[in-house]
Each structure stands twice: as C-alpha cells, then as structure tokens.
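File shown: structure_39.cif (mmCIF, C-alpha atoms).
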data_final
loop_
_atom_site.label_atom_id
_atom_site.label_comp_id
_atom_site.auth_asym_id
_atom_site.auth_seq_id
_atom_site.Cartn_x
_atom_site.Cartn_y
_atom_site.Cartn_z
CA MET A 1 -53.24 -26.59 50.92
CA THR A 2 -54.88 -24.64 53.70
CA VAL A 3 -56.30 -21.18 52.97
CA ALA A 4 -55.93 -18.47 55.60
CA ILE A 5 -59.38 -17.01 55.07
CA VAL A 6 -60.39 -13.40 55.54
CA THR A 7 -62.98 -12.36 58.09
CA PRO A 8 -65.71 -10.47 56.20
CA PHE A 9 -67.07 -7.32 57.84
CA ARG A 10 -70.12 -5.20 57.12
CA ASN A 11 -70.67 -1.91 58.96
CA GLY A 12 -68.07 -2.85 61.52
CA GLN A 13 -69.57 -6.24 62.38
CA ILE A 14 -68.72 -9.75 61.21
CA ASP A 15 -70.75 -10.59 58.12
CA TRP A 16 -71.85 -14.12 58.98
CA ASP A 17 -73.75 -14.61 55.74
CA ASP A 18 -70.67 -13.72 53.71
CA LEU A 19 -68.48 -15.95 55.89
CA GLY A 20 -70.80 -18.86 55.24
CA LYS A 21 -70.61 -18.25 51.51
CA LEU A 22 -66.79 -18.22 51.72
CA VAL A 23 -66.72 -21.61 53.42
CA ASP A 24 -69.16 -23.08 50.88
CA TRP A 25 -67.13 -21.64 47.99
CA HIS A 26 -63.95 -23.26 49.25
CA VAL A 27 -65.73 -26.58 49.56
CA GLU A 28 -66.81 -26.21 45.92
CA GLN A 29 -63.27 -25.29 44.89
CA GLY A 30 -61.87 -28.40 46.53
CA THR A 31 -59.76 -26.53 49.10
CA ASP A 32 -58.18 -28.97 51.57
CA GLY A 33 -58.56 -26.83 54.68
CA LEU A 34 -59.28 -23.39 56.08
CA ALA A 35 -57.46 -21.37 58.72
CA PRO A 36 -59.87 -18.84 60.24
CA CYS A 37 -58.69 -16.10 62.60
CA GLY A 38 -55.10 -15.93 61.42
CA THR A 39 -53.26 -12.79 60.33
CA THR A 40 -55.33 -12.73 57.14
CA GLY A 41 -58.48 -13.03 59.27
CA GLU A 42 -57.50 -9.85 61.16
CA SER A 43 -57.24 -11.72 64.45
CA PRO A 44 -55.64 -8.75 66.29
CA THR A 45 -58.88 -6.78 65.93
CA LEU A 46 -61.22 -9.66 66.73
CA THR A 47 -62.29 -9.91 70.34
CA HIS A 48 -61.61 -13.26 71.98
CA GLU A 49 -65.34 -13.93 71.94
CA GLU A 50 -65.49 -13.14 68.21
CA ASN A 51 -62.51 -15.41 67.60
CA GLU A 52 -64.32 -18.31 69.27
CA ARG A 53 -67.55 -17.57 67.40
CA VAL A 54 -65.80 -17.40 64.00
CA VAL A 55 -63.98 -20.69 64.61
CA ALA A 56 -67.17 -22.40 65.77
CA PHE A 57 -69.10 -21.01 62.80
CA VAL A 58 -66.51 -22.16 60.27
CA CYS A 59 -66.35 -25.63 61.85
CA GLU A 60 -70.12 -25.96 61.79
CA ARG A 61 -70.46 -24.66 58.24
CA ALA A 62 -67.64 -26.88 57.00
CA GLY A 63 -69.44 -29.86 58.48
CA GLY A 64 -66.46 -32.13 57.96
CA ARG A 65 -66.25 -31.26 54.26
CA LEU A 66 -62.80 -29.74 54.79
CA LYS A 67 -60.35 -29.40 57.64
CA VAL A 68 -60.24 -26.40 59.97
CA MET A 69 -56.94 -25.15 61.42
CA ALA A 70 -58.17 -22.58 63.92
CA GLY A 71 -56.06 -19.52 64.64
CA THR A 72 -56.09 -19.52 68.44
CA GLY A 73 -52.70 -18.03 69.22
CA SER A 74 -52.23 -15.07 71.54
CA ASN A 75 -49.52 -13.10 73.30
CA SER A 76 -51.26 -14.21 76.50
CA THR A 77 -50.64 -17.89 77.18
CA ALA A 78 -53.82 -18.18 79.25
CA GLU A 79 -55.94 -16.75 76.43
CA ALA A 80 -54.28 -19.04 73.87
CA VAL A 81 -55.10 -22.02 76.07
CA ARG A 82 -58.71 -20.90 76.48
CA MET A 83 -59.28 -20.30 72.77
CA THR A 84 -57.57 -23.56 71.80
CA LYS A 85 -59.80 -25.52 74.16
CA ALA A 86 -62.82 -23.76 72.63
CA ALA A 87 -61.63 -24.63 69.12
CA LYS A 88 -61.30 -28.30 70.02
CA LYS A 89 -64.80 -28.28 71.51
CA ALA A 90 -66.12 -26.64 68.33
CA GLY A 91 -64.64 -29.45 66.19
CA ALA A 92 -61.49 -27.88 64.77
CA THR A 93 -59.03 -30.30 63.17
CA GLY A 94 -56.01 -28.41 64.47
CA SER A 95 -54.78 -25.10 65.82
CA LEU A 96 -52.46 -22.47 64.36
CA GLN A 97 -50.32 -20.97 67.13
CA VAL A 98 -48.56 -17.72 66.29
CA GLY A 99 -45.51 -16.74 68.29
CA PRO A 100 -46.49 -14.28 71.04
CA TYR A 101 -46.32 -10.83 69.48
CA TYR A 102 -44.99 -7.64 71.12
CA ASN A 103 -43.88 -9.52 74.28
CA LYS A 104 -40.75 -10.81 72.47
CA PRO A 105 -40.28 -13.89 74.70
CA THR A 106 -36.94 -15.56 75.26
CA GLN A 107 -36.50 -18.96 73.62
CA ASP A 108 -37.34 -20.58 76.97
CA GLY A 109 -40.44 -18.39 77.08
CA TYR A 110 -41.49 -19.72 73.67
CA PHE A 111 -40.88 -23.27 74.86
CA ARG A 112 -42.98 -22.79 77.99
CA HIS A 113 -45.75 -20.94 76.13
CA PHE A 114 -46.31 -23.58 73.44
CA GLY A 115 -45.71 -26.36 75.95
CA ALA A 116 -48.46 -25.01 78.21
CA ILE A 117 -50.91 -25.00 75.31
CA ALA A 118 -49.94 -28.54 74.28
CA GLU A 119 -50.33 -29.78 77.85
CA ALA A 120 -53.73 -28.14 78.26
CA CYS A 121 -55.30 -29.41 75.06
CA ASP A 122 -54.49 -32.40 72.86
CA LEU A 123 -55.49 -30.70 69.62
CA PRO A 124 -52.75 -30.92 66.94
CA LEU A 125 -50.75 -27.67 67.00
CA VAL A 126 -49.05 -25.88 64.11
CA LEU A 127 -46.43 -23.34 65.19
CA TYR A 128 -46.61 -20.10 63.20
CA ASN A 129 -43.26 -18.34 62.97
CA ILE A 130 -43.53 -14.88 61.45
CA PRO A 131 -40.89 -12.60 63.01
CA GLY A 132 -41.88 -9.68 60.76
CA ARG A 133 -45.19 -9.52 62.62
CA THR A 134 -44.24 -10.74 66.09
CA GLY A 135 -40.89 -9.02 66.57
CA SER A 136 -38.83 -12.12 67.33
CA ASN A 137 -37.88 -15.50 65.92
CA ILE A 138 -38.71 -18.99 67.18
CA LEU A 139 -35.36 -20.69 66.62
CA PRO A 140 -35.12 -24.17 65.05
CA GLU A 141 -33.49 -25.51 68.22
CA THR A 142 -36.54 -24.38 70.22
CA MET A 143 -38.86 -26.07 67.73
CA ALA A 144 -36.79 -29.25 68.10
CA ARG A 145 -37.19 -29.14 71.89
CA LEU A 146 -40.93 -28.69 71.52
CA ALA A 147 -41.29 -31.44 68.93
CA ASP A 148 -39.32 -33.86 71.10
CA GLN A 149 -41.42 -33.24 74.20
CA TYR A 150 -44.90 -32.59 72.80
CA PRO A 151 -46.17 -35.05 70.16
CA THR A 152 -49.24 -32.89 69.44
CA ILE A 153 -46.96 -30.19 67.99
CA VAL A 154 -46.97 -31.53 64.45
CA ALA A 155 -46.04 -28.75 62.02
CA VAL A 156 -44.67 -25.28 61.51
CA LYS A 157 -45.97 -22.51 59.28
CA GLU A 158 -42.67 -21.05 58.13
CA ALA A 159 -42.86 -17.32 57.36
CA THR A 160 -39.34 -16.11 58.09
CA GLY A 161 -38.50 -15.93 54.39
CA SER A 162 -35.30 -17.85 55.13
CA LEU A 163 -34.59 -21.11 53.33
CA ASP A 164 -31.65 -21.59 55.71
CA GLN A 165 -33.96 -21.53 58.73
CA ALA A 166 -36.45 -23.82 57.02
CA SER A 167 -33.63 -26.24 56.22
CA GLN A 168 -32.53 -26.20 59.85
CA VAL A 169 -36.07 -27.00 61.03
CA LEU A 170 -36.19 -29.96 58.66
CA ALA A 171 -32.73 -31.14 59.75
CA LEU A 172 -33.52 -30.97 63.45
CA THR A 173 -37.15 -32.16 63.55
CA ASP A 174 -39.75 -34.36 61.91
CA LEU A 175 -42.23 -31.45 61.87
CA THR A 176 -44.29 -30.94 58.73
CA LEU A 177 -43.07 -27.73 57.09
CA LEU A 178 -45.71 -25.47 55.53
CA SER A 179 -44.92 -22.29 53.64
CA GLY A 180 -46.29 -19.12 55.18
CA ASP A 181 -45.51 -17.11 52.03
CA ASP A 182 -47.30 -17.99 48.79
CA SER A 183 -44.38 -16.96 46.60
CA LEU A 184 -42.00 -19.28 48.50
CA THR A 185 -44.20 -22.37 48.32
CA LEU A 186 -42.24 -24.09 45.55
CA PRO A 187 -38.78 -23.22 46.97
CA LEU A 188 -39.81 -24.55 50.39
CA MET A 189 -41.32 -27.71 48.90
CA SER A 190 -38.11 -28.26 46.97
CA ILE A 191 -36.23 -28.70 50.26
CA GLY A 192 -38.88 -30.89 51.90
CA GLY A 193 -41.89 -28.70 52.70
CA LYS A 194 -45.32 -30.28 52.34
CA GLY A 195 -47.58 -27.40 51.34
CA VAL A 196 -48.75 -23.90 52.15
CA VAL A 197 -51.05 -21.89 54.36
CA SER A 198 -52.10 -19.59 51.56
CA VAL A 199 -53.39 -16.03 51.27
CA VAL A 200 -53.71 -15.98 47.49
CA GLY A 201 -55.84 -19.10 47.89
CA ASN A 202 -58.64 -16.73 48.88
CA ILE A 203 -58.75 -15.83 45.18
CA VAL A 204 -57.36 -18.76 43.16
CA PRO A 205 -57.34 -21.85 45.40
CA ARG A 206 -57.37 -24.30 42.51
CA ASP A 207 -54.25 -22.76 40.98
CA MET A 208 -52.31 -22.86 44.24
CA MET A 209 -53.46 -26.45 44.83
CA ALA A 210 -52.25 -27.33 41.35
CA LEU A 211 -48.79 -25.99 42.22
CA VAL A 212 -48.69 -27.94 45.50
CA LYS A 213 -49.88 -31.18 43.88
CA ALA A 214 -47.39 -30.87 41.02
CA ALA A 215 -44.51 -30.23 43.43
CA ALA A 216 -45.58 -33.05 45.78
CA GLY A 217 -45.86 -35.43 42.83
CA GLY A 218 -42.40 -34.60 41.53
CA ASN A 219 -43.73 -32.90 38.40
CA ILE A 220 -41.22 -30.08 38.53
CA ALA A 221 -41.98 -28.64 35.08
CA ASP A 222 -45.66 -28.15 35.94
CA ALA A 223 -44.81 -26.86 39.41
CA ARG A 224 -42.45 -24.27 37.90
CA ALA A 225 -45.08 -23.23 35.38
CA TRP A 226 -47.63 -22.66 38.16
CA HIS A 227 -45.01 -20.81 40.22
CA ARG A 228 -44.28 -18.46 37.32
CA LYS A 229 -47.99 -17.86 36.73
CA LEU A 230 -48.79 -17.24 40.40
CA PHE A 231 -45.69 -15.24 41.31
CA PRO A 232 -46.83 -11.88 39.86
CA LEU A 233 -50.17 -12.23 41.62
CA CYS A 234 -48.41 -12.92 44.92
CA ARG A 235 -45.80 -10.20 44.44
CA ASP A 236 -47.79 -7.40 42.81
CA MET A 237 -51.02 -7.78 44.72
CA LEU A 238 -49.92 -8.90 48.14
CA GLY A 239 -46.95 -6.54 48.08
CA VAL A 240 -48.99 -3.36 47.54
CA ALA A 241 -49.94 -3.03 51.21
CA THR A 242 -49.97 -4.98 54.46
CA ASN A 243 -51.90 -8.25 54.39
CA PRO A 244 -54.93 -8.57 54.30
CA ILE A 245 -55.61 -5.15 52.75
CA PRO A 246 -54.73 -6.20 49.16
CA VAL A 247 -56.52 -9.57 49.24
CA LYS A 248 -59.70 -8.02 50.65
CA THR A 249 -59.49 -5.32 47.97
CA ALA A 250 -59.10 -7.98 45.28
CA MET A 251 -62.05 -9.96 46.61
CA LYS A 252 -64.20 -6.82 46.57
CA LEU A 253 -63.19 -6.13 42.95
CA LEU A 254 -64.16 -9.72 42.11
CA GLY A 255 -67.59 -9.22 43.66
CA ARG A 256 -66.86 -11.28 46.77
CA GLY A 257 -67.50 -9.20 49.87
CA THR A 258 -67.37 -5.57 50.92
CA GLY A 259 -63.60 -5.32 51.28
CA GLU A 260 -64.19 -3.68 54.65
CA LEU A 261 -61.39 -3.80 57.23
CA ARG A 262 -61.13 -2.91 60.88
CA LEU A 263 -58.88 -0.13 62.09
CA PRO A 264 -55.96 0.18 62.27
CA MET A 265 -56.19 -1.62 58.91
CA CYS A 266 -57.79 0.70 56.36
CA THR A 267 -58.83 0.64 52.72
CA MET A 268 -56.39 1.43 49.94
CA ASP A 269 -56.27 4.72 48.13
CA GLU A 270 -57.25 4.86 44.44
CA VAL A 271 -53.68 4.34 43.27
CA GLY A 272 -53.28 1.16 45.30
CA GLU A 273 -56.65 -0.20 44.24
CA ALA A 274 -55.80 0.48 40.61
CA LYS A 275 -52.60 -1.58 41.04
CA VAL A 276 -54.57 -4.49 42.49
CA ARG A 277 -57.12 -4.24 39.68
CA GLN A 278 -54.37 -4.30 37.04
CA THR A 279 -52.79 -7.36 38.66
CA LEU A 280 -56.15 -9.16 38.51
CA VAL A 281 -56.52 -8.12 34.85
CA ASN A 282 -53.02 -9.37 34.03
CA TYR A 283 -53.82 -12.72 35.67
CA GLY A 284 -57.03 -13.02 33.66
CA LEU A 285 -59.45 -12.65 36.57
CA LEU A 286 -60.83 -9.30 35.42
CA LYS A 287 -61.27 -7.67 32.03
#

Transcribe the structure of this file into structure tokens.
Amino acid sequence: MTVAIVTPFRNGQIDWDDLGKLVDWHVEQGTDGLAPCGTTGESPTLTHEENERVVAFVCERAGGRLKVMAGTGSNSTAEAVRMTKAAKKAGATGSLQVGPYYNKPTQDGYFRHFGAIAEACDLPLVLYNIPGRTGSNILPETMARLADQYPTIVAVKEATGSLDQASQVLALTDLTLLSGDDSLTLPLMSIGGKGVVSVVGNIVPRDMMALVKAAAGGNIADARAWHRKLFPLCRDMLGVATNPIPVKTAMKLLGRGTGELRLPMCTMDEVGEAKVRQTLVNYGLLK
C-alpha cells in the first residue's frame, strides 16, 4: 500500500516540520510507500520548484525506510520530464504520472507524452488514470501500446471507477493494477489488482494495509470485514467534499496538522466539518 500524502501548509507556506513528522509517522505505522505531490498533495497549487523540493524532502526524510512514488506528472510534457528527472536524482523509487489535465490529448497524444517521459528518464513509471479530474480517459489499448514499448512503465493507478476498464487493462497488459479509490480496493483486487494508492491511509494506514494483505493472501473473509469497516470512512468522509479537503479536515480534528489548504481549495463550513467529525467518531477515532 502506498499512501498519497497531503502537503501540510502553515500561513500559506509548506510546513516542512509537519511534513517530516508525517513521513516519520508513516514509517512507524509500517506504511509500504508514500506518494507526495499527487492530487491529495494539492499538486496543482504547488509550484514546480515546490514540487521538486517536497519530493526531495520526502526522499531524504524517508532515508530508504519506505518507498517514494513521486507525483511528477504535468499537462506540459517538458515539465513532467524535468520533474521526473529531478525525482530520480533525489532518490525516488518511482514516479506517478497523471494524464495531462485540461489539454484532453488524443490517445496518440497520451502515447507520445508518456513515451517521452519514459525515454528521458529510466525511473519506473506508474500511469495515473483519473478522467474525473483530467477530463479524458487513457484507454486500455493505449496503455497496452505503452507497456509493450516502454518497460519502465510498470503499473497503473486506476481511478476510473470502472471494473470493466480495469479488467480490460489486466487482459491486455502485464501492468500492475493499483486502485485509485479506497472504497474499490477489494473489488479491484478481486479481479487481479495488487494494492492501492490510498487517501484514507493518511488516517488509518494499518487498517488499509490489513485489507490489502488479507486480499492478497486469499483471506477473503478478513478482507471483506476490513472492507465493511473502512467503507463508511471512505464514503462518508471522502465524499463530503473534493479531495483533499475532507482528509485534511479529519487530520486537523485528530490533532495532526493545521488542515490549511491552498485556494481554490478552501476549508469546509461547520456543517461539513461536523459530518467529518461524526464519521471519525463512528469509526472509533474520536470520542
């Protein structure tokens, strides 16, 4: 399990002390890996320089104690190449490459974009397909072309919400399939997925790891039990507002960070925060 970690802010600036504590906490929790500067890390409002600094900081703080899948995707191929090279230099284990957002490339555009990154840097690449954020879908056939031609493209973070599409990816490629939605981790693993890039892992990494390990080990009863326990947390908390607003709110309520976001993301109103609080109470994380 890889956790898509938040980027902590204080008074508009990155809170490096808090970020260091987050990395150390995940090491203590036994988290397998971290993905800084993804959607959950508010990458759209990080400058490219900040993105490089956060990745380098997380790599240094991790010190080989866990893996780092750096979010270095961009809707500019040249910038994605530059940030991916910087991540490799910083010691990242791999790179998370989101589909170019807003541009809405053709399928050939996707192929050329990811191919250019793979050719420029031999860091293992994980394709991140999230049409709800990017505006278009990387088709399974395109992923198959990429996997055939570029051996460093090793996995896909599947966040389409479609088990049909996930099944097609698995049928056409040998890519490792990772769930991009916490609530779909068990369904995706049931068809051949290998794990999750988790948001709820910012709060309960051990519980999500328990689900993944149970499913991977064929212990379906335990995996279902963890799915049922985690599902309300994923649905009720993460569904209240756009990610990462709810998870940052939850972390603040749990005494872990300021909960501060960068515009255009903004804090919840009292009603939304009360819903998040109640979800944490129902899960047993707050009284």

**Message:** Using all atoms listed in the file for the distances, tell me which of A:Leu230, A:Ala166, A:Gln29, A:Pro205 is nearest to Gly192 (chain A).
**Reply:** A:Ala166

**Message:** Env of region 1-7 of chain A: 9 Å cut, atoms = all atoms listed in the file, seq-sep filter 5 positions within chain, self excluded. Answer as a VMD selection string.
**Reply:** chain A and resid 14 to 15 18 to 19 22 to 23 26 31 to 43 54 67 to 69 178 194 to 202 205 208 to 209 212 244 247 to 248 261

**Message:** Env of Ala86 (chain A): 10 Å cut, atoms = all atoms listed in the file, seq-sep filter 5 positions within chain, self excluded. Answer as a VMD selection string.
**Reply:** chain A and resid 51 to 53 55 to 56 70 72 80 to 81 91 to 92 121

**Request:** Using all atoms listed in the file, collect all residues at a distance of at most 8 Å from (-42.2, -28.8, 58.6) as written in the file, then present them as an MDAnalysis selection string.
**Result:** chainID A and resid 155:158 166 169:170 173:178 192:194

Could those residues be written to a file, using C-alpha atoms, as a PDB file, keeping the file's coordinate frame?
ATOM      1  CA  ALA A 155     -46.040 -28.750  62.020  1.00  0.00           C
ATOM      2  CA  VAL A 156     -44.670 -25.280  61.510  1.00  0.00           C
ATOM      3  CA  LYS A 157     -45.970 -22.510  59.280  1.00  0.00           C
ATOM      4  CA  GLU A 158     -42.670 -21.050  58.130  1.00  0.00           C
ATOM      5  CA  ALA A 166     -36.450 -23.820  57.020  1.00  0.00           C
ATOM      6  CA  VAL A 169     -36.070 -27.000  61.030  1.00  0.00           C
ATOM      7  CA  LEU A 170     -36.190 -29.960  58.660  1.00  0.00           C
ATOM      8  CA  THR A 173     -37.150 -32.160  63.550  1.00  0.00           C
ATOM      9  CA  ASP A 174     -39.750 -34.360  61.910  1.00  0.00           C
ATOM     10  CA  LEU A 175     -42.230 -31.450  61.870  1.00  0.00           C
ATOM     11  CA  THR A 176     -44.290 -30.940  58.730  1.00  0.00           C
ATOM     12  CA  LEU A 177     -43.070 -27.730  57.090  1.00  0.00           C
ATOM     13  CA  LEU A 178     -45.710 -25.470  55.530  1.00  0.00           C
ATOM     14  CA  GLY A 192     -38.880 -30.890  51.900  1.00  0.00           C
ATOM     15  CA  GLY A 193     -41.890 -28.700  52.700  1.00  0.00           C
ATOM     16  CA  LYS A 194     -45.320 -30.280  52.340  1.00  0.00           C
TER      17      LYS A 194
END

**Message:** Going by the chain IDs and residue numbers used in this file, which residues fall under the PyMOL selection byres ((chain A and resi 287) around 12)? Write them as a VMD selection string.
**Reply:** chain A and resid 253 to 254 277 to 286

Limited to C-alpha atoms, could you put the picked residues into a file as a PDB file, keeping the file's coordinate frame?
ATOM      1  CA  LEU A 253     -63.190  -6.130  42.950  1.00  0.00           C
ATOM      2  CA  LEU A 254     -64.160  -9.720  42.110  1.00  0.00           C
ATOM      3  CA  ARG A 277     -57.120  -4.240  39.680  1.00  0.00           C
ATOM      4  CA  GLN A 278     -54.370  -4.300  37.040  1.00  0.00           C
ATOM      5  CA  THR A 279     -52.790  -7.360  38.660  1.00  0.00           C
ATOM      6  CA  LEU A 280     -56.150  -9.160  38.510  1.00  0.00           C
ATOM      7  CA  VAL A 281     -56.520  -8.120  34.850  1.00  0.00           C
ATOM      8  CA  ASN A 282     -53.020  -9.370  34.030  1.00  0.00           C
ATOM      9  CA  TYR A 283     -53.820 -12.720  35.670  1.00  0.00           C
ATOM     10  CA  GLY A 284     -57.030 -13.020  33.660  1.00  0.00           C
ATOM     11  CA  LEU A 285     -59.450 -12.650  36.570  1.00  0.00           C
ATOM     12  CA  LEU A 286     -60.830  -9.300  35.420  1.00  0.00           C
TER      13      LEU A 286
END
